[in-house]
Amino acid sequence: MTVRQLLSVQDTASKRLYSVKEAAIYLGLSPRTLYNGISEKSKNPFPIKPKHYGKRRLFEKEDLDAFADSLK
């Protein structure tokens with residue numbers, strides 16, 4: 001993870017909704033992996049469904065935390 005990404009994660013710590021890129025960094029995944037998982041045609045769908053605001057897809061921090069905790 002680059003310094004820029006780490007700073008981005010720190011800046012978004014107080015946010016409630018994360019973009020796909022922010023959510024991927026927060027979870028330690030590639031943004032492409034997350035985009036592939038939320039695609040309608042995905043063979044291996046991501047377990048968290050994003051909220052849709054226009055063309056934007058946003059993930060709630062609580063959902064991301066619950067997903068990360070379930071991996072332990």
# chains A, B, ... in the order shown; residues from 1 in each chain; ligands from 1
$ residues_around --residues "Arg16 (chain A)" --least-positions-apart "4" --cutoff "10 Å" --atoms "only C-alpha atoms" --output "list in words"
Thr12, Leu58, Phe59, Glu60, Lys61 and Glu62 of chain A
$ write_last_selection --atoms "N, CA and C atoms" --output "PDB file, in the first residue's frame"
ATOM      1  N   THR A  12     -10.591   8.948   5.380  1.00  0.00           N
ATOM      2  CA  THR A  12     -11.945   8.413   5.282  1.00  0.00           C
ATOM      3  C   THR A  12     -12.388   7.694   6.547  1.00  0.00           C
ATOM      4  N   LEU A  58     -21.899   3.021  -3.299  1.00  0.00           N
ATOM      5  CA  LEU A  58     -21.281   3.331  -2.018  1.00  0.00           C
ATOM      6  C   LEU A  58     -21.531   2.198  -1.025  1.00  0.00           C
ATOM      7  N   PHE A  59     -20.517   1.947  -0.198  1.00  0.00           N
ATOM      8  CA  PHE A  59     -20.609   0.919   0.826  1.00  0.00           C
ATOM      9  C   PHE A  59     -20.650   1.572   2.190  1.00  0.00           C
ATOM     10  N   GLU A  60     -21.479   1.033   3.076  1.00  0.00           N
ATOM     11  CA  GLU A  60     -21.533   1.535   4.449  1.00  0.00           C
ATOM     12  C   GLU A  60     -20.382   0.950   5.254  1.00  0.00           C
ATOM     13  N   LYS A  61     -19.776   1.782   6.088  1.00  0.00           N
ATOM     14  CA  LYS A  61     -18.627   1.363   6.890  1.00  0.00           C
ATOM     15  C   LYS A  61     -18.991   0.196   7.805  1.00  0.00           C
ATOM     16  N   GLU A  62     -20.176   0.217   8.382  1.00  0.00           N
ATOM     17  CA  GLU A  62     -20.616  -0.868   9.272  1.00  0.00           C
ATOM     18  C   GLU A  62     -20.644  -2.214   8.535  1.00  0.00           C
TER      19      GLU A  62
END
$ atom_distance --atom1 "CA of Val20 (chain A)" --atom2 "CA of Leu71 (chain A)"
19.4 Å
$ select_by_dssp --residues "chain A" --states "alpha helix (DSSP H)" --output "PyMOL selection string"
chain A and resi 3-11+20-27+31-38+61-70
$ write_last_selection --atoms "N, CA and C atoms" --output "mmCIF file, in the first residue's frame"
data_model
loop_
_atom_site.group_PDB
_atom_site.id
_atom_site.type_symbol
_atom_site.label_atom_id
_atom_site.label_comp_id
_atom_site.auth_asym_id
_atom_site.auth_seq_id
_atom_site.Cartn_x
_atom_site.Cartn_y
_atom_site.Cartn_z
ATOM 1 N N VAL A 3 1.877 5.358 0.352
ATOM 2 C CA VAL A 3 1.638 6.391 1.366
ATOM 3 C C VAL A 3 0.356 7.149 1.043
ATOM 4 N N ARG A 4 0.135 7.382 -0.224
ATOM 5 C CA ARG A 4 -1.067 8.108 -0.642
ATOM 6 C C ARG A 4 -2.328 7.337 -0.258
ATOM 7 N N GLN A 5 -2.301 6.017 -0.445
ATOM 8 C CA GLN A 5 -3.447 5.193 -0.086
ATOM 9 C C GLN A 5 -3.654 5.184 1.426
ATOM 10 N N LEU A 6 -2.564 5.121 2.183
ATOM 11 C CA LEU A 6 -2.679 5.143 3.640
ATOM 12 C C LEU A 6 -3.287 6.452 4.123
ATOM 13 N N LEU A 7 -2.859 7.561 3.527
ATOM 14 C CA LEU A 7 -3.432 8.851 3.900
ATOM 15 C C LEU A 7 -4.906 8.904 3.544
ATOM 16 N N SER A 8 -5.258 8.319 2.412
ATOM 17 C CA SER A 8 -6.655 8.280 1.999
ATOM 18 C C SER A 8 -7.495 7.501 2.999
ATOM 19 N N VAL A 9 -6.971 6.390 3.484
ATOM 20 C CA VAL A 9 -7.686 5.586 4.473
ATOM 21 C C VAL A 9 -7.868 6.374 5.753
ATOM 22 N N GLN A 10 -6.842 7.108 6.173
ATOM 23 C CA GLN A 10 -6.944 7.909 7.388
ATOM 24 C C GLN A 10 -7.961 9.027 7.221
ATOM 25 N N ASP A 11 -8.010 9.637 6.045
ATOM 26 C CA ASP A 11 -8.970 10.710 5.789
ATOM 27 C C ASP A 11 -10.404 10.192 5.789
ATOM 28 N N VAL A 20 -16.255 2.735 -4.098
ATOM 29 C CA VAL A 20 -15.701 1.406 -4.368
ATOM 30 C C VAL A 20 -14.196 1.403 -4.138
ATOM 31 N N LYS A 21 -13.515 2.424 -4.608
ATOM 32 C CA LYS A 21 -12.059 2.499 -4.447
ATOM 33 C C LYS A 21 -11.677 2.605 -2.967
ATOM 34 N N GLU A 22 -12.373 3.454 -2.221
ATOM 35 C CA GLU A 22 -12.092 3.609 -0.794
ATOM 36 C C GLU A 22 -12.381 2.318 -0.029
ATOM 37 N N ALA A 23 -13.487 1.651 -0.387
ATOM 38 C CA ALA A 23 -13.841 0.398 0.275
ATOM 39 C C ALA A 23 -12.796 -0.678 -0.004
ATOM 40 N N ALA A 24 -12.305 -0.718 -1.224
ATOM 41 C CA ALA A 24 -11.282 -1.700 -1.577
ATOM 42 C C ALA A 24 -10.007 -1.465 -0.768
ATOM 43 N N ILE A 25 -9.591 -0.232 -0.651
ATOM 44 C CA ILE A 25 -8.398 0.086 0.132
ATOM 45 C C ILE A 25 -8.641 -0.251 1.599
ATOM 46 N N TYR A 26 -9.813 0.078 2.088
ATOM 47 C CA TYR A 26 -10.161 -0.194 3.486
ATOM 48 C C TYR A 26 -10.088 -1.691 3.799
ATOM 49 N N LEU A 27 -10.515 -2.524 2.831
ATOM 50 C CA LEU A 27 -10.515 -3.968 3.024
ATOM 51 C C LEU A 27 -9.212 -4.634 2.597
ATOM 52 N N PRO A 31 -9.275 -2.540 -6.211
ATOM 53 C CA PRO A 31 -10.558 -1.979 -6.656
ATOM 54 C C PRO A 31 -11.189 -2.808 -7.775
ATOM 55 N N ARG A 32 -10.378 -3.383 -8.659
ATOM 56 C CA ARG A 32 -10.902 -4.199 -9.746
ATOM 57 C C ARG A 32 -11.612 -5.435 -9.189
ATOM 58 N N THR A 33 -11.072 -6.031 -8.133
ATOM 59 C CA THR A 33 -11.701 -7.190 -7.496
ATOM 60 C C THR A 33 -13.089 -6.818 -6.983
ATOM 61 N N LEU A 34 -13.187 -5.656 -6.372
ATOM 62 C CA LEU A 34 -14.470 -5.212 -5.834
ATOM 63 C C LEU A 34 -15.454 -4.892 -6.959
ATOM 64 N N TYR A 35 -14.976 -4.205 -8.015
ATOM 65 C CA TYR A 35 -15.850 -3.917 -9.157
ATOM 66 C C TYR A 35 -16.361 -5.207 -9.791
ATOM 67 N N ASN A 36 -15.471 -6.203 -9.929
ATOM 68 C CA ASN A 36 -15.897 -7.481 -10.508
ATOM 69 C C ASN A 36 -16.935 -8.167 -9.623
ATOM 70 N N GLY A 37 -16.787 -8.052 -8.327
ATOM 71 C CA GLY A 37 -17.705 -8.695 -7.404
ATOM 72 C C GLY A 37 -19.080 -8.062 -7.342
ATOM 73 N N ILE A 38 -19.170 -6.764 -7.630
ATOM 74 C CA ILE A 38 -20.475 -6.095 -7.556
ATOM 75 C C ILE A 38 -21.160 -6.006 -8.922
ATOM 76 N N LYS A 61 -19.776 1.782 6.088
ATOM 77 C CA LYS A 61 -18.627 1.363 6.890
ATOM 78 C C LYS A 61 -18.991 0.196 7.805
ATOM 79 N N GLU A 62 -20.176 0.217 8.382
ATOM 80 C CA GLU A 62 -20.616 -0.868 9.272
ATOM 81 C C GLU A 62 -20.644 -2.214 8.535
ATOM 82 N N ASP A 63 -21.111 -2.197 7.276
ATOM 83 C CA ASP A 63 -21.152 -3.428 6.487
ATOM 84 C C ASP A 63 -19.746 -3.940 6.196
ATOM 85 N N LEU A 64 -18.829 -3.027 5.894
ATOM 86 C CA LEU A 64 -17.454 -3.411 5.611
ATOM 87 C C LEU A 64 -16.789 -3.989 6.864
ATOM 88 N N ASP A 65 -17.053 -3.364 8.008
ATOM 89 C CA ASP A 65 -16.480 -3.862 9.279
ATOM 90 C C ASP A 65 -17.022 -5.255 9.595
ATOM 91 N N ALA A 66 -18.322 -5.453 9.401
ATOM 92 C CA ALA A 66 -18.934 -6.766 9.676
ATOM 93 C C ALA A 66 -18.348 -7.828 8.752
ATOM 94 N N PHE A 67 -18.126 -7.482 7.486
ATOM 95 C CA PHE A 67 -17.533 -8.423 6.544
ATOM 96 C C PHE A 67 -16.109 -8.777 6.969
ATOM 97 N N ALA A 68 -15.321 -7.778 7.330
ATOM 98 C CA ALA A 68 -13.940 -8.028 7.746
ATOM 99 C C ALA A 68 -13.904 -8.886 9.014
ATOM 100 N N ASP A 69 -14.814 -8.636 9.948
ATOM 101 C CA ASP A 69 -14.861 -9.436 11.177
ATOM 102 C C ASP A 69 -15.265 -10.886 10.899
ATOM 103 N N SER A 70 -16.087 -11.100 9.883
ATOM 104 C CA SER A 70 -16.535 -12.456 9.569
ATOM 105 C C SER A 70 -15.412 -13.296 8.962
#
$ atom_distance --atom1 "CA of Arg57 (chain A)" --atom2 "CA of Ser19 (chain A)"
6.3 Å
$ select_by_dssp --residues "chain A" --states "strand (DSSP E)" --output "list of chain:residue names"
A:Leu17, A:Tyr18, A:Ser19, A:Lys51, A:His52, A:Tyr53, A:Arg56, A:Arg57, A:Leu58, A:Phe59, A:Glu60
$ atom_distance --atom1 "CA of Lys72 (chain A)" --atom2 "CA of Leu29 (chain A)"
15.8 Å
